[in-house]
file coords12.cif (mmCIF, C-alpha atoms and all ligand atoms)
data_run
#
loop_
_atom_site.label_atom_id
_atom_site.label_comp_id
_atom_site.auth_asym_id
_atom_site.auth_seq_id
_atom_site.Cartn_x
_atom_site.Cartn_y
_atom_site.Cartn_z
CA MET A 1 178.60 139.05 15.66
CA GLU A 2 176.98 141.53 17.99
CA LYS A 3 173.31 141.36 18.71
CA THR A 4 171.22 143.71 20.72
CA GLY A 5 168.49 141.93 22.56
CA GLY A 6 166.59 144.36 24.74
CA ILE A 7 169.15 146.46 26.54
CA ALA A 8 171.77 143.72 26.91
CA VAL A 9 174.51 143.42 24.31
CA VAL A 10 175.17 139.76 23.61
CA LEU A 11 178.77 139.09 22.71
CA SER A 12 179.99 136.05 20.83
CA ALA A 13 182.55 133.81 22.48
CA LYS A 14 185.38 135.39 20.46
CA GLU A 15 184.42 138.87 21.56
CA ALA A 16 183.90 137.97 25.18
CA PHE A 17 186.92 135.70 25.87
CA ASP A 18 190.62 135.38 25.23
CA LYS A 19 191.41 131.73 24.64
CA LEU A 20 194.55 130.88 26.61
CA GLU A 21 195.24 127.21 25.90
CA LYS A 22 193.65 123.88 25.22
CA VAL A 23 193.31 121.96 28.48
CA GLY A 24 191.59 118.84 27.37
CA GLU A 25 189.51 117.01 24.89
CA GLY A 26 186.17 115.60 25.89
CA THR A 27 183.68 113.38 24.18
CA TYR A 28 182.03 116.38 22.59
CA GLY A 29 184.93 118.60 21.68
CA LYS A 30 187.85 120.63 22.90
CA VAL A 31 188.09 122.38 26.26
CA TYR A 32 190.04 125.67 26.56
CA ARG A 33 191.20 127.75 29.46
CA ALA A 34 190.08 131.30 28.72
CA ARG A 35 189.92 134.74 30.27
CA GLU A 36 186.71 136.71 30.27
CA LYS A 37 187.70 140.11 28.85
CA ALA A 38 185.22 142.13 30.88
CA THR A 39 186.14 140.73 34.29
CA GLY A 40 189.50 138.99 33.88
CA LYS A 41 187.92 135.86 35.28
CA ILE A 42 189.42 132.52 34.20
CA VAL A 43 186.89 130.05 32.83
CA ALA A 44 186.78 126.78 30.92
CA LEU A 45 185.25 127.00 27.45
CA LYS A 46 183.87 123.80 26.07
CA LYS A 47 183.25 123.90 22.37
CA THR A 48 180.38 121.70 21.29
CA ARG A 49 179.92 120.83 17.68
CA LEU A 50 176.51 121.09 16.19
CA HIS A 51 175.46 118.71 13.47
CA GLU A 52 176.17 119.94 9.95
CA ASP A 53 172.66 119.95 8.70
CA ASP A 54 171.04 121.33 11.81
CA GLU A 55 169.46 124.68 11.59
CA GLY A 56 170.04 126.44 14.85
CA VAL A 57 170.61 124.55 18.06
CA PRO A 58 169.15 121.03 18.13
CA PRO A 59 166.53 120.40 20.81
CA THR A 60 168.60 117.60 22.35
CA THR A 61 171.47 120.05 22.92
CA LEU A 62 169.10 122.58 24.41
CA ARG A 63 167.74 119.92 26.70
CA GLU A 64 171.21 118.92 27.81
CA ILE A 65 172.05 122.53 28.50
CA SER A 66 168.99 123.01 30.64
CA ILE A 67 169.79 119.80 32.55
CA LEU A 68 173.36 121.02 33.08
CA ARG A 69 172.09 124.41 34.25
CA MET A 70 169.79 122.79 36.76
CA LEU A 71 172.41 120.33 38.05
CA SER A 72 175.14 122.91 38.32
CA ARG A 73 173.31 124.48 41.24
CA ASP A 74 174.95 121.75 43.30
CA PRO A 75 178.39 122.61 44.70
CA HIS A 76 179.68 119.20 43.59
CA VAL A 77 178.70 119.55 39.97
CA VAL A 78 180.92 121.76 37.79
CA ARG A 79 179.20 125.12 37.38
CA LEU A 80 177.84 126.11 33.99
CA LEU A 81 178.18 129.89 33.94
CA ASP A 82 176.96 130.73 30.48
CA VAL A 83 176.39 129.52 26.95
CA LYS A 84 177.84 131.52 24.05
CA GLN A 85 177.50 131.23 20.36
CA GLY A 86 180.46 131.35 18.01
CA GLN A 87 181.57 130.42 14.52
CA ASN A 88 184.25 128.03 13.39
CA LYS A 89 186.60 128.58 10.43
CA GLU A 90 184.01 127.32 7.98
CA GLY A 91 181.50 129.78 9.30
CA LYS A 92 179.43 127.08 11.01
CA THR A 93 177.74 127.82 14.30
CA VAL A 94 179.37 126.34 17.37
CA LEU A 95 178.28 126.61 20.96
CA TYR A 96 180.63 127.36 23.79
CA LEU A 97 179.63 126.17 27.21
CA VAL A 98 181.30 128.40 29.77
CA PHE A 99 182.21 126.55 32.98
CA GLU A 100 183.99 127.60 36.12
CA TYR A 101 187.66 126.69 35.74
CA MET A 102 189.03 123.84 37.84
CA ASP A 103 192.77 123.35 38.07
CA THR A 104 193.03 119.57 38.09
CA ASP A 105 191.12 116.33 37.87
CA LEU A 106 191.11 113.18 39.95
CA LYS A 107 193.08 111.21 37.36
CA LYS A 108 195.96 113.68 37.51
CA PHE A 109 195.63 113.89 41.31
CA ILE A 110 195.93 110.10 41.74
CA ARG A 111 198.83 109.99 39.25
CA THR A 112 200.80 112.54 41.31
CA PHE A 113 200.59 110.27 44.35
CA ARG A 114 201.41 107.14 42.34
CA GLN A 115 204.54 108.83 41.00
CA SER A 116 205.70 110.10 44.39
CA GLY A 117 205.02 106.75 46.05
CA ASP A 118 202.95 108.40 48.79
CA ASN A 119 199.47 107.27 49.68
CA ILE A 120 196.56 109.67 49.47
CA PRO A 121 195.85 110.60 53.12
CA PRO A 122 192.76 108.66 54.32
CA THR A 123 190.99 111.88 55.37
CA ILE A 124 191.39 113.25 51.84
CA THR A 125 190.00 110.04 50.34
CA LYS A 126 187.09 110.25 52.75
CA SER A 127 186.34 113.85 51.89
CA LEU A 128 186.59 113.24 48.13
CA MET A 129 184.32 110.20 48.40
CA TYR A 130 181.76 112.13 50.43
CA GLN A 131 181.71 114.95 47.89
CA LEU A 132 181.38 112.43 45.06
CA CYS A 133 178.45 110.69 46.76
CA LYS A 134 176.84 114.06 47.43
CA GLY A 135 177.12 115.19 43.81
CA VAL A 136 175.87 111.83 42.53
CA ALA A 137 172.98 111.89 45.04
CA PHE A 138 172.02 115.33 43.74
CA CYS A 139 172.01 114.15 40.09
CA HIS A 140 170.10 110.99 40.97
CA GLY A 141 167.64 112.99 43.07
CA HIS A 142 166.82 114.91 39.89
CA GLY A 143 166.45 111.75 37.85
CA ILE A 144 169.77 112.09 36.01
CA LEU A 145 172.25 109.27 35.51
CA HIS A 146 175.83 110.23 34.71
CA ARG A 147 176.77 106.86 33.15
CA ASP A 148 180.42 107.71 32.63
CA LEU A 149 181.86 108.53 36.03
CA LYS A 150 185.64 108.12 36.07
CA PRO A 151 188.59 109.96 37.65
CA HIS A 152 189.18 111.88 34.39
CA ASN A 153 185.89 113.72 34.63
CA LEU A 154 185.94 114.47 38.32
CA LEU A 155 187.43 117.94 38.47
CA MET A 156 189.23 119.26 41.52
CA ASP A 157 190.51 122.40 43.09
CA ARG A 158 193.91 121.55 44.55
CA LYS A 159 193.81 124.28 47.16
CA THR A 160 190.39 123.61 48.63
CA MET A 161 190.19 119.89 47.73
CA MET A 162 186.73 120.50 46.34
CA LEU A 163 185.58 117.85 43.90
CA LYS A 164 183.07 118.49 41.13
CA ILE A 165 181.43 116.16 38.66
CA ALA A 166 181.93 117.11 35.02
CA ASP A 167 181.10 115.82 31.57
CA LEU A 168 177.43 115.44 32.15
CA GLY A 169 177.05 115.66 28.40
CA LEU A 170 176.19 112.02 28.27
CA ALA A 171 173.75 112.22 31.11
CA ARG A 172 170.15 111.89 30.16
CA ALA A 173 167.00 112.53 32.06
CA PHE A 174 165.19 109.32 32.65
CA THR A 175 161.71 108.57 33.74
CA VAL A 176 160.39 105.47 35.42
CA PRO A 177 159.96 102.90 33.86
CA LEU A 178 163.52 103.11 32.67
CA LYS A 179 164.19 103.44 29.01
CA LYS A 180 166.63 101.32 27.08
CA TYR A 181 170.07 102.75 26.72
CA THR A 182 172.87 101.79 24.42
CA HIS A 183 175.93 100.83 26.34
CA GLU A 184 178.80 101.67 24.02
CA ILE A 185 179.63 104.96 25.64
CA LEU A 186 180.96 103.97 29.03
CA THR A 187 184.63 103.55 29.84
CA LEU A 188 185.37 99.89 30.54
CA TRP A 189 187.18 100.07 33.88
CA TYR A 190 184.27 101.72 35.68
CA ARG A 191 181.52 99.86 33.86
CA ALA A 192 178.96 97.98 35.93
CA PRO A 193 178.59 94.21 35.39
CA GLU A 194 174.92 94.50 34.35
CA VAL A 195 175.97 96.89 31.58
CA LEU A 196 178.77 94.55 30.46
CA LEU A 197 176.35 91.64 30.48
CA GLY A 198 173.95 93.52 28.22
CA ALA A 199 171.16 94.53 30.59
CA THR A 200 168.66 96.67 28.70
CA HIS A 201 167.43 98.57 31.74
CA TYR A 202 169.95 100.69 33.56
CA SER A 203 169.45 102.26 36.93
CA MET A 204 171.28 104.66 39.20
CA ALA A 205 173.22 101.63 40.43
CA VAL A 206 175.47 101.84 37.33
CA ASP A 207 176.89 105.09 38.71
CA MET A 208 177.40 103.56 42.15
CA TRP A 209 179.52 100.80 40.62
CA SER A 210 181.73 103.48 39.09
CA VAL A 211 181.86 105.26 42.47
CA ALA A 212 183.06 101.99 44.05
CA CYS A 213 185.84 101.59 41.47
CA ILE A 214 186.93 105.18 42.06
CA PHE A 215 186.89 104.60 45.84
CA ALA A 216 189.22 101.60 45.57
CA GLU A 217 191.48 103.49 43.14
CA LEU A 218 191.86 106.37 45.60
CA VAL A 219 193.09 103.91 48.21
CA THR A 220 195.43 101.78 46.07
CA LYS A 221 196.26 104.34 43.32
CA GLN A 222 195.60 101.55 40.82
CA ALA A 223 192.44 100.80 38.86
CA LEU A 224 190.42 98.08 40.61
CA PHE A 225 189.32 96.33 37.40
CA PRO A 226 191.62 97.39 34.54
CA GLY A 227 190.04 95.36 31.73
CA ASP A 228 191.01 95.95 28.12
CA SER A 229 188.00 94.29 26.52
CA GLU A 230 184.46 93.67 27.66
CA LEU A 231 185.25 90.03 28.40
CA GLN A 232 188.47 90.84 30.27
CA GLN A 233 186.57 93.48 32.22
CA LEU A 234 184.03 90.88 33.38
CA LEU A 235 186.76 88.39 34.24
CA HIS A 236 188.56 91.00 36.38
CA ILE A 237 185.32 91.54 38.30
CA PHE A 238 184.57 87.82 38.64
CA ARG A 239 188.08 87.02 39.88
CA LEU A 240 187.63 89.37 42.82
CA LEU A 241 183.93 89.10 43.61
CA GLY A 242 183.36 85.52 42.50
CA THR A 243 181.65 84.36 39.30
CA PRO A 244 178.02 85.31 39.78
CA ASN A 245 175.26 82.72 39.62
CA GLU A 246 171.47 82.71 39.98
CA GLU A 247 171.80 82.41 43.72
CA MET A 248 174.03 85.46 44.10
CA TRP A 249 172.28 87.46 41.41
CA PRO A 250 168.83 86.26 40.38
CA GLY A 251 168.30 86.74 36.64
CA VAL A 252 172.00 87.01 35.76
CA SER A 253 171.96 84.03 33.41
CA LYS A 254 169.09 85.59 31.42
CA LEU A 255 171.11 88.67 30.52
CA MET A 256 171.89 89.05 26.83
CA ASN A 257 175.67 88.62 26.96
CA TRP A 258 175.72 85.87 29.59
CA HIS A 259 177.94 82.86 28.82
CA GLU A 260 179.59 80.18 30.82
CA TYR A 261 182.61 81.64 32.59
CA PRO A 262 185.46 80.20 34.61
CA GLN A 263 184.29 79.62 38.19
CA TRP A 264 185.94 81.76 40.84
CA SER A 265 184.91 82.12 44.45
CA PRO A 266 184.76 85.57 46.10
CA GLN A 267 188.04 86.96 47.45
CA SER A 268 188.26 89.26 50.42
CA LEU A 269 188.11 92.94 49.55
CA SER A 270 190.64 93.71 52.27
CA LYS A 271 193.30 91.89 50.22
CA ALA A 272 192.48 93.80 47.03
CA VAL A 273 192.18 97.13 48.85
CA PRO A 274 194.61 96.97 51.76
CA ASN A 275 194.96 100.11 53.87
CA LEU A 276 191.23 100.76 53.84
CA GLU A 277 189.66 100.89 57.28
CA GLU A 278 186.93 98.41 58.25
CA ALA A 279 184.02 100.83 57.76
CA GLY A 280 185.38 101.77 54.34
CA LEU A 281 185.54 98.10 53.32
CA ASP A 282 181.93 97.67 54.42
CA LEU A 283 180.81 100.65 52.34
CA LEU A 284 182.86 99.46 49.36
CA SER A 285 181.32 96.00 49.54
CA GLN A 286 177.82 97.54 49.55
CA MET A 287 178.74 99.53 46.44
CA LEU A 288 180.03 96.39 44.73
CA GLN A 289 176.86 94.31 45.09
CA TYR A 290 176.19 92.35 41.93
CA GLU A 291 172.44 92.79 42.05
CA PRO A 292 171.80 96.40 41.03
CA SER A 293 168.80 96.76 43.36
CA LYS A 294 170.96 95.65 46.32
CA ARG A 295 173.71 98.16 45.56
CA ILE A 296 173.78 101.05 48.05
CA SER A 297 172.40 104.38 46.79
CA ALA A 298 174.44 107.58 46.85
CA LYS A 299 172.14 109.07 49.47
CA LYS A 300 172.43 106.02 51.75
CA ALA A 301 176.19 105.93 51.19
CA MET A 302 176.46 109.48 52.59
CA GLU A 303 174.95 108.22 55.86
CA HIS A 304 177.37 105.29 56.16
CA PRO A 305 179.50 105.14 59.36
CA TYR A 306 182.64 105.43 57.19
CA PHE A 307 181.87 109.17 56.97
CA ASP A 308 181.10 109.58 60.69
CA GLY A 309 184.35 111.25 61.64
CA LEU A 310 184.41 113.57 58.64
CA ASP A 311 183.99 117.30 59.19
CA LYS A 312 181.22 118.05 56.71
CA THR A 313 180.75 121.72 57.53
CA ASN A 314 182.61 122.99 54.47
CA LEU A 315 181.34 120.34 52.10
P1 LIG A 401 185.30 116.59 29.48
O1 LIG A 401 184.80 116.81 28.09
O2 LIG A 401 184.43 117.27 30.50
O3 LIG A 401 185.63 115.17 29.80
O4 LIG A 401 186.66 117.40 29.56
C1 LIG A 401 187.86 116.91 29.03
C2 LIG A 401 189.00 117.46 29.86
O5 LIG A 401 189.00 118.88 29.83
C3 LIG A 401 188.90 117.11 31.35
O6 LIG A 401 189.46 115.89 31.69
C4 LIG A 401 189.68 118.25 31.97
O7 LIG A 401 191.07 117.98 31.92
C5 LIG A 401 189.34 119.41 31.08
N1 LIG A 401 188.21 120.17 31.64
C6 LIG A 401 186.89 119.95 31.44
N2 LIG A 401 186.14 120.83 32.12
C7 LIG A 401 186.99 121.64 32.77
C8 LIG A 401 186.84 122.74 33.68
N3 LIG A 401 185.65 123.20 34.03
N4 LIG A 401 187.95 123.30 34.17
C9 LIG A 401 189.17 122.83 33.81
N5 LIG A 401 189.39 121.80 33.00
C10 LIG A 401 188.32 121.20 32.46
#

call {"tool": "encode", "arguments": {"input": "coords12.cif", "output": "structure tokens"}}
result
Amino acid sequence: MEKTGGIAVVLSAKEAFDKLEKVGEGTYGKVYRAREKATGKIVALKKTRLHEDDEGVPPTTLREISILRMLSRDPHVVRLLDVKQGQNKEGKTVLYLVFEYMDTDLKKFIRTFRQSGDNIPPTITKSLMYQLCKGVAFCHGHGILHRDLKPHNLLMDRKTMMLKIADLGLARAFTVPLKKYTHEILTLWYRAPEVLLGATHYSMAVDMWSVACIFAELVTKQALFPGDSELQQLLHIFRLLGTPNEEMWPGVSKLMNWHEYPQWSPQSLSKAVPNLEEAGLDLLSQMLQYEPSKRISAKKAMEHPYFDGLDKTNL
């Protein structure tokens, strides 16, 4: 399909790109590595399905695209270069989101170190954490929650060690007072306790919990709370941080999914995350506060002494 709009010729995805290979599968569809025919530039094409009965592009999709466009101005959010229209085999309209191509993600990066037995150098962990906090602070500053931060959707450039947040498809603009959100969509291991306990009002603190879990995982190369059910996930958290009570977390026993749980007292973080320097443990503990309003914000985290020695000029 070739359309002339004004003087610009708009090409469909098929006409503009050579698909090279499938590189991943996201929540919304397949991701391909592709070459832009006109420039030879390598990009990532993310195919997003549109609902069968929708005529044209649904407003929610358009809204997500405009949010993505706005957020991708930040160097730590994966850059949305373009949006192209295409057709699938059945002749249905599909949208291709064209992103800058990133050669790895944090999940693969951590796995490489786990397999070799080496630790991730502390300066690398520090730099990655700073970039993550910066990207999250940017999203939060624009009123956007990610809600599904995990190593798998933190993309990286191996050469420059740049980290970029991806898969903002689930992100939604929110206004204060906070709206209710369903909580089925988050990955368990990085899920905040208030979400697991059925809180109806989420805040930016849910992302900071995920950031904390990612921080610990960078240091130990193992997931901090690898639960395989919602209950097991909570028990993992309680075993390390102590079973919460009204004193530690006012209102906790009023949350929808609250039950009686085995009683554990808090363990020291330095045992669970050995090899992390003192300042890092302090930052981690502030990210792992039970009470969401007490949890450190991304912006405050960037100012934490843990990052004092980091050369931030290229970040
Ligand atoms: P997502 O739907 O964003 O979770 O993407 C699923 C997978 O596709 C990711 O884990 C990556 O392996 C890959 N992927 C997504 N976006 C890109 C990109 N911009 N560059 C390279 N690979 C990507």

call {"tool": "closest_residue", "arguments": {"input": "coords12.cif", "among": "A:Ala192, A:Ala34, A:Leu234, A:Leu255", "to": "A:Met204", "atoms": "all atoms listed in the file"}}
result
A:Ala192

call {"tool": "atom_distance", "arguments": {"input": "coords12.cif", "atom1": "atom O7 of ligand LIG 401 (chain A)", "atom2": "atom CA of A:Phe109"}}
result
11.2 Å

call {"tool": "closest_atom_pairs", "arguments": {"input": "coords12.cif", "of": "chain A", "to": "ligand LIG 401 (chain A)", "cutoff": "7 Å", "atoms": "only C-alpha atoms and all ligand atoms", "output": "CSV"}}
result
residue,atom,partner,partner_atom,distance
A:Val23,CA,A:LIG401,C5,5.4
A:Gly24,CA,A:LIG401,O5,3.6
A:Glu25,CA,A:LIG401,C1,4.5
A:Gly26,CA,A:LIG401,O1,2.9
A:Thr27,CA,A:LIG401,O1,5.3
A:Tyr28,CA,A:LIG401,O1,6.2
A:Gly29,CA,A:LIG401,O1,6.7
A:Val31,CA,A:LIG401,O5,5.1
A:Arg33,CA,A:LIG401,C9,6.9
A:Val43,CA,A:LIG401,N4,7.0
A:Ala44,CA,A:LIG401,N3,4.9
A:Val78,CA,A:LIG401,N3,6.2
A:Phe99,CA,A:LIG401,N3,4.9
A:Glu100,CA,A:LIG401,N3,5.1
A:Tyr101,CA,A:LIG401,N4,3.7
A:Met102,CA,A:LIG401,N4,3.9
A:Asp103,CA,A:LIG401,C9,5.6
A:Thr104,CA,A:LIG401,C9,6.6
A:Asp105,CA,A:LIG401,O7,6.2
A:His152,CA,A:LIG401,O6,4.8
A:Asn153,CA,A:LIG401,O3,5.0
A:Leu155,CA,A:LIG401,C8,6.8
A:Ala166,CA,A:LIG401,O2,5.2
A:Asp167,CA,A:LIG401,O2,3.8

call {"tool": "closest_residue", "arguments": {"input": "coords12.cif", "among": "A:Tyr190, A:Phe138, A:Phe238, A:Tyr290", "to": "A:Gln267", "atoms": "all atoms listed in the file"}}
result
A:Phe238

call {"tool": "atom_distance", "arguments": {"input": "coords12.cif", "atom1": "atom CA of A:Leu132", "atom2": "atom CA of A:Ile110"}}
result
15.1 Å

call {"tool": "residues_near_point", "arguments": {"input": "coords12.cif", "point": "(183.8, 107.1, 47.5)", "cutoff": "6 Å", "atoms": "only C-alpha atoms", "output": "list in words"}}
result
Met129, Val211 and Phe215 of chain A
